[in-house]
$ cat query.txt   # compact mmCIF, C-alpha atoms
# COMPACT_ATOMS: atom_id res chain seq x y z
CA MET A 1 4.21 17.53 -11.04
CA LYS A 2 1.62 15.84 -8.84
CA ASN A 3 0.83 13.26 -11.55
CA LEU A 4 4.54 12.53 -11.98
CA VAL A 5 5.06 11.97 -8.24
CA LEU A 6 1.93 9.84 -7.94
CA GLY A 7 2.87 7.86 -11.04
CA VAL A 8 6.38 7.15 -9.77
CA ASN A 9 5.05 6.20 -6.34
CA ASP A 10 2.42 3.97 -7.96
CA ALA A 11 5.22 2.13 -9.78
CA ILE A 12 7.26 1.85 -6.58
CA TYR A 13 4.19 0.59 -4.73
CA ARG A 14 3.53 -2.06 -7.40
CA ALA A 15 7.18 -3.13 -7.26
CA CYS A 16 6.99 -3.43 -3.45
CA VAL A 17 3.90 -5.61 -3.70
CA ILE A 18 5.53 -7.82 -6.34
CA VAL A 19 8.76 -8.16 -4.33
CA ALA A 20 6.89 -8.96 -1.11
CA ALA A 21 4.63 -11.48 -2.83
CA THR A 22 7.57 -13.12 -4.59
CA ALA A 23 9.45 -13.38 -1.29
CA ILE A 24 6.46 -15.12 0.34
CA VAL A 25 6.07 -17.55 -2.59
CA ILE A 26 9.77 -18.45 -2.56
CA MET A 27 9.70 -18.89 1.23
CA ALA A 28 6.64 -21.13 0.93
CA THR A 29 8.56 -23.22 -1.59
CA ILE A 30 11.96 -23.58 0.04
CA ILE A 31 10.87 -24.20 3.63
CA PRO A 32 8.92 -27.38 2.75
CA TRP A 33 11.83 -28.43 0.53
CA GLY A 34 14.20 -28.12 3.48
CA VAL A 35 11.87 -30.18 5.67
CA PHE A 36 11.38 -32.80 2.93
CA SER A 37 15.10 -32.99 2.31
CA ARG A 38 15.88 -33.47 5.99
CA TYR A 39 13.20 -36.00 6.90
CA ALA A 40 12.44 -37.83 3.64
CA LEU A 41 15.84 -37.79 2.00
CA GLY A 42 17.85 -37.86 5.24
CA GLN A 43 20.03 -35.04 4.02
CA GLY A 44 19.78 -31.74 5.91
CA LEU A 45 20.43 -28.73 3.71
CA GLY A 46 22.02 -25.64 5.19
CA TRP A 47 20.62 -23.04 2.81
CA PRO A 48 16.78 -23.12 3.08
CA GLU A 49 16.50 -21.64 6.57
CA PRO A 50 18.88 -18.68 6.15
CA ILE A 51 17.45 -17.87 2.73
CA ALA A 52 13.93 -17.99 4.20
CA ILE A 53 15.00 -15.63 6.99
CA LEU A 54 16.49 -13.19 4.47
CA LEU A 55 13.30 -13.33 2.42
CA MET A 56 11.23 -12.70 5.56
CA VAL A 57 13.30 -9.60 6.32
CA LEU A 58 12.79 -8.41 2.75
CA PHE A 59 9.06 -9.16 2.91
CA THR A 60 8.74 -7.37 6.25
CA PHE A 61 10.36 -4.06 5.36
CA VAL A 62 9.30 -3.76 1.73
CA GLY A 63 5.81 -5.11 2.48
CA ALA A 64 5.43 -2.68 5.39
CA ALA A 65 6.18 0.24 3.07
CA ALA A 66 3.56 -0.98 0.60
CA SER A 67 0.96 -1.55 3.29
CA TYR A 68 1.65 1.92 4.72
CA ARG A 69 0.80 3.50 1.38
CA ALA A 70 -2.24 1.26 0.95
CA GLY A 71 -3.53 2.26 4.38
CA ALA A 72 -3.44 -1.39 5.44
CA HIS A 73 -0.74 -1.02 8.08
CA MET A 74 -1.70 -1.38 11.72
CA ALA A 75 -3.08 1.84 13.14
CA VAL A 76 -4.58 2.52 16.52
CA GLN A 77 -7.16 5.24 15.97
CA VAL A 78 -8.97 5.13 19.29
CA LEU A 79 -7.62 8.53 20.32
CA SER A 80 -7.86 10.27 16.96
CA ASP A 81 -11.43 9.08 16.33
CA ARG A 82 -12.57 10.54 19.66
CA LEU A 83 -11.00 13.96 19.14
CA PRO A 84 -13.03 16.90 17.84
CA PRO A 85 -12.93 17.22 14.05
CA LEU A 86 -10.75 20.35 14.26
CA ALA A 87 -8.02 18.47 16.18
CA GLN A 88 -7.89 15.43 13.90
CA PRO A 89 -5.72 17.01 11.16
CA PHE A 90 -3.08 17.84 13.78
CA ILE A 91 -2.98 14.25 15.00
CA ILE A 92 -2.72 13.04 11.40
CA LEU A 93 0.16 15.47 10.80
CA PHE A 94 1.87 14.33 14.01
CA VAL A 95 1.55 10.66 12.98
CA ARG A 96 2.96 11.37 9.51
CA LEU A 97 5.89 13.32 10.96
CA ALA A 98 6.53 10.50 13.43
CA MET A 99 6.50 8.03 10.52
CA ALA A 100 8.95 10.26 8.65
CA ALA A 101 11.25 10.24 11.69
CA ILE A 102 11.04 6.44 11.98
CA SER A 103 11.70 6.08 8.25
CA LEU A 104 14.71 8.38 8.48
CA PHE A 105 15.99 6.38 11.45
CA MET A 106 15.66 3.15 9.47
CA LEU A 107 17.32 4.71 6.45
CA ILE A 108 20.28 6.27 8.24
CA TRP A 109 21.02 3.63 10.87
CA GLY A 110 20.14 0.75 8.53
CA TYR A 111 22.64 2.11 6.02
CA LYS A 112 25.27 2.44 8.75
CA LEU A 113 24.56 -1.15 9.82
CA CYS A 114 25.02 -2.34 6.23
CA VAL A 115 28.32 -0.48 5.91
CA ALA A 116 29.60 -1.68 9.31
CA THR A 117 28.89 -5.34 8.47
CA TRP A 118 29.79 -5.29 4.79
CA ASN A 119 33.10 -7.13 5.23
CA GLN A 120 31.54 -9.96 7.25
CA TYR A 121 30.02 -13.06 5.72
CA LEU A 122 27.11 -15.16 6.92
CA SER A 123 28.31 -18.39 8.50
CA THR A 124 25.62 -20.50 6.84
CA LEU A 125 25.90 -18.80 3.43
CA THR A 126 29.59 -18.10 3.07
CA TRP A 127 29.12 -16.30 -0.25
CA MET A 128 26.72 -13.67 1.19
CA ARG A 129 27.82 -10.56 3.01
CA VAL A 130 26.06 -9.68 6.25
CA GLY A 131 25.54 -6.14 4.98
CA ILE A 132 23.36 -7.46 2.16
CA SER A 133 21.16 -9.27 4.65
CA TYR A 134 20.50 -5.95 6.41
CA ALA A 135 19.88 -4.00 3.17
CA PRO A 136 16.05 -4.29 3.34
CA ILE A 137 16.08 -2.05 6.44
CA PRO A 138 17.35 1.14 4.78
CA LEU A 139 15.52 0.23 1.56
CA GLY A 140 12.21 -0.10 3.40
CA GLY A 141 12.94 3.11 5.31
CA PHE A 142 13.62 4.99 2.08
CA ILE A 143 10.48 3.73 0.36
CA THR A 144 8.34 4.43 3.42
CA LEU A 145 9.82 7.94 3.59
CA LEU A 146 8.83 8.51 -0.04
CA PHE A 147 5.28 7.44 0.76
CA VAL A 148 5.17 9.64 3.89
CA ILE A 149 6.33 12.66 1.87
CA GLU A 150 3.66 11.84 -0.70
CA GLN A 151 1.02 11.83 2.06
CA LEU A 152 2.31 15.11 3.47
CA LEU A 153 2.16 16.77 0.04
CA TYR A 154 -0.90 15.17 -1.55
CA GLY A 155 -2.83 13.51 1.27
CA ASP A 156 -3.79 9.91 1.84
CA GLN A 157 -3.56 7.87 -1.36
CA SER A 158 -4.99 4.63 0.03
CA LYS A 159 -8.48 5.28 -1.38
CA ARG A 160 -7.21 6.33 -4.80
CA ARG A 161 -6.96 3.75 -7.52
CA VAL A 162 -3.44 3.05 -8.77
CA VAL A 163 -3.33 4.56 -12.24
CA ASP A 164 -1.05 3.94 -15.18
CA TYR A 165 -0.37 7.58 -16.06
CA GLU A 166 1.49 6.80 -19.29
CA ALA A 167 -1.44 4.82 -20.68
CA ARG A 168 -3.80 7.57 -19.54
CA GLU A 169 -1.80 10.25 -21.37
CA GLU A 170 -1.59 8.10 -24.53
CA SER A 171 -5.38 7.62 -24.53
CA LYS A 172 -5.87 11.40 -24.18
CA GLU A 173 -3.55 12.04 -27.14
CA SER A 174 -5.35 9.53 -29.36
CA VAL A 175 -8.74 11.16 -28.77
$ encode --input "query.txt" --output "structure tokens"
Amino acid sequence: MKNLVLGVNDAIYRACVIVAATAIVIMATIIPWGVFSRYALGQGLGWPEPIAILLMVLFTFVGAAASYRAGAHMAVQVLSDRLPPLAQPFIILFVRLAMAAISLFMLIWGYKLCVATWNQYLSTLTWMRVGISYAPIPLGGFITLLFVIEQLLYGDQSKRRVVDYEAREESKESV
């Protein structure tokens, strides 16, 4: 069961990294295009800025989930590092439970925000619903919650190498 959970979370983690990286690359492409179009071609486009903002929201919430699992998210450990070794596991548990609460908040209230704004459309992108623009909030909350539960059950996975469990099982069978 542990290998299944870790394998699924490894795949989710990889997908988060790919989505976040793709969002950054697309943003880095369309923002200069918008500037070039406005100043060189004399034709201001309305779509690059709102699309870049939507991609930044996606990058922020999905990338934050990935960096939480990788142990690369901001953490202030001044207090926990100065506590006696016996107290440190309790602080770690408290932090993980607090992260679970924040993730649940993002999931529940982000979903409610998406539902409440679903019938509205963005003024600059008339084909896009406002609810879609808020969708990365509950998505990021859900993914972060999965990673928090993984840490609660199996400990910190940031030092473990991401493993392709299917390939590993196939290599065991062929031996």
$ residues_around --input "query.txt" --residues "Ile108 in chain A" --least-positions-apart "4" --cutoff "9 Å" --atoms "all atoms listed in the file" --output "number ranges by chain"
A: 103-104, 112-113, 138, 141
$ residues_around --input "query.txt" --residues "Leu122 in chain A" --least-positions-apart "5" --cutoff "12 Å" --atoms "only C-alpha atoms" --output "list in words"
Gly46, Trp47, Pro50, Ile51, Leu54, Thr117, Trp127, Met128, Arg129, Val130, Gly131, Ile132, Ser133 and Tyr134 of chain A
$ residues_around --input "query.txt" --residues "Ala66 in chain A" --least-positions-apart "4" --cutoff "9 Å" --atoms "only C-alpha atoms" --output "PyMOL selection string"
chain A and resi 12-17+20+61-62+70-73+143-144+147
$ atom_distance --input "query.txt" --atom1 "CA of Ala11 in chain A" --atom2 "CA of Arg96 in chain A"
21.5 Å
$ residues_around --input "query.txt" --residues "Leu146 in chain A" --least-positions-apart "2" --cutoff "10 Å" --atoms "all atoms listed in the file" --output "PyMOL selection string"
chain A and resi 5+9+12+65+69+100+103+140-144+148-152
$ closest_residue --input "query.txt" --among "A:Leu83, A:Lys159, A:Tyr154, A:Ala135" --to "Met1 in chain A" --atoms "all atoms listed in the file"
A:Tyr154
$ closest_residue --input "query.txt" --among "A:Tyr68, A:Tyr39, A:Ser123, A:Ile53" --to "Ser158 in chain A" --atoms "only C-alpha atoms"
A:Tyr68
$ axis_aligned_box --input "query.txt" --around "range 61-69 of chain A" --padding-each-side "4 Å" --output "AutoDock Vina command-line options"
--center_x 5.6 --center_y -0.8 --center_z 3.0 --size_x 17.6 --size_y 16.6 --size_z 12.8
$ atom_distance --input "query.txt" --atom1 "CA of Ile137 in chain A" --atom2 "CA of Lys2 in chain A"
27.6 Å
$ atom_distance --input "query.txt" --atom1 "CA of Phe36 in chain A" --atom2 "CA of Ala21 in chain A"
23.1 Å
$ closest_residue --input "query.txt" --among "A:Thr60, A:Gln88, A:Ser80, A:Thr124" --to "Pro136 in chain A" --atoms "all atoms listed in the file"
A:Thr60
$ residues_around --input "query.txt" --residues "range 28-33 of chain A" --least-positions-apart "6" --cutoff "7 Å" --atoms "all atoms listed in the file" --output "number ranges by chain"
A: 48-49, 52
